[in-house]
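J.: Below you'll find the structure I mean.
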Amino acid sequence: MTGIGQERLAAAAARVGALRAEMGKVLVGRDALADRLFIGLLCRGHVLIEGVPGLAKTLAVKTLAGAIRAVFHRVQFTPDLLPADISGTEVYHPDTGLFTVRKGPVFCNILLADEINRAPSKVQSALLEAMAERRVTIGGETLPLPEPFLVLATQNPIEQEGTYPLPEAQVDRFLLQLVLGYPTAEEEKEIVRRACSPEEPALSPILSGEEVLAMAALAGQVHLDERLLDYIVGLVGATRDPQGAGLPDLAGRIAYGASPRAAIGLARTARASALLDGRGYATPGDIKALAPDVLRHRLLLTYEAQAEGLTPDAVIRQILETVPVP
């Protein structure tokens, strides 16, 4: 069923366990978030993290970067930012009369685009080529980005003033959109205890960039049964034709459903999730667990549906409950 040997699976699971433990030194109650970030890394897909201030969005990204031996850059998105501040620019040298390329912060392995919706569209679009093609064009010269390359962007959903919503075309470039909730009382108690401690935990790199690429290649070998492919196509298809999927209540409430990019994302993330658990095969549970994160930012509801209080997550729940599981 799978060509991955048990020894390789066990070794990968052990490395993931060590990574989780290292990130757990800093993060409290964010195991699922840490796993999703690593799944994005293994799938070579970008992640959009949404949540109100103070929920450790930025801290989670910095913690992941600290646990991986790779180049990490952070860009604080602001209204006065320019595209060249992201990608780089040409610099003129009057002594030689020549131009040289000065690379921007996008030339790294992990890029934190902090509060991405605070910069105007022309700056947000500077990331499009990098996210889609993994290369940047500066002054007519096209330069490849290092591998692995991952954009982790954060945004605050409750602020509207001084923000620029991401266009749908760019949102679709993100493999996952994660929505963070508040911690439990016990988790918050531990967060306060750690914040008041005079000692800050020191992170040790667990994986190198080369090891991440090797694990990404291994995730691509995880077995995905043909019936699971049918299940994935059925889930994504239900967002476009809810009536045909047995969801007449959703007909007319979804303006645009998910594209084939969503189906590809579900297949890739299901494989990566299986590898994180030390399995050489994906299951329907992997798909169902990741479906909200892969689909929620790819559903565009009608104005009437939004006025009724319907949310993409509610639509996805109905689809998961209706589409038959193989």
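Simple scheme: letters A, B, ... for chains in structure tokens order, numbers from 1 for residues in each chain, numbers from 1 for ligands in the order shown.
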Can you list every residue in stretch 11-60 of chain A that DSSP puts in strand (DSSP E), as a CSV table (one decimal) with C-alpha atoms, in the first residue's frame?

T.:
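Below is the file part-v2.csv, written as the result:
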```csv
chain,number,residue,atom,x,y,z
A,46,HIS,CA,1.7,29.4,2.7
A,47,VAL,CA,-0.4,30.0,5.8
A,48,LEU,CA,-2.6,32.9,6.8
A,49,ILE,CA,-3.2,33.2,10.6
A,50,GLU,CA,-6.2,35.2,11.8
```

J.: Near A:Glu90, counting only C-alpha atoms, which residues have an atom at most 12 Å away, once you skip same-chain residues fewer than 2 positions from it, shown as a list in words?

T.: Ala84, Asp85, Ser87, Gly88, Tyr92, His93, Leu98, Phe99, Thr100, Val101, Arg102, Lys103, Gly104, Thr137, Ile138, Gly139, Gly140 and Glu141 of chain A

J.: When you look at stretch 5-20 of chain A with a cut-off of 9 Å (counting only C-alpha atoms), what residues show up, excluding the ones that are within fewer than 2 positions of it in the same chain? I need them as a count of residues only.

T.: 24

J.: Grab the atom CA of A:Pro157 to atom CA of A:Glu115 distance for me, in Å with one decimal place.

T.: 10.0 Å

J.: With only C-alpha atoms as the basis for distance, which of A:Pro248, A:Pro120, A:Pro83, A:Gly29 is at the shortest distance from A:Val315?

T.: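 Using only C-alpha atoms, A:Val315 sits closest to A:Pro248.
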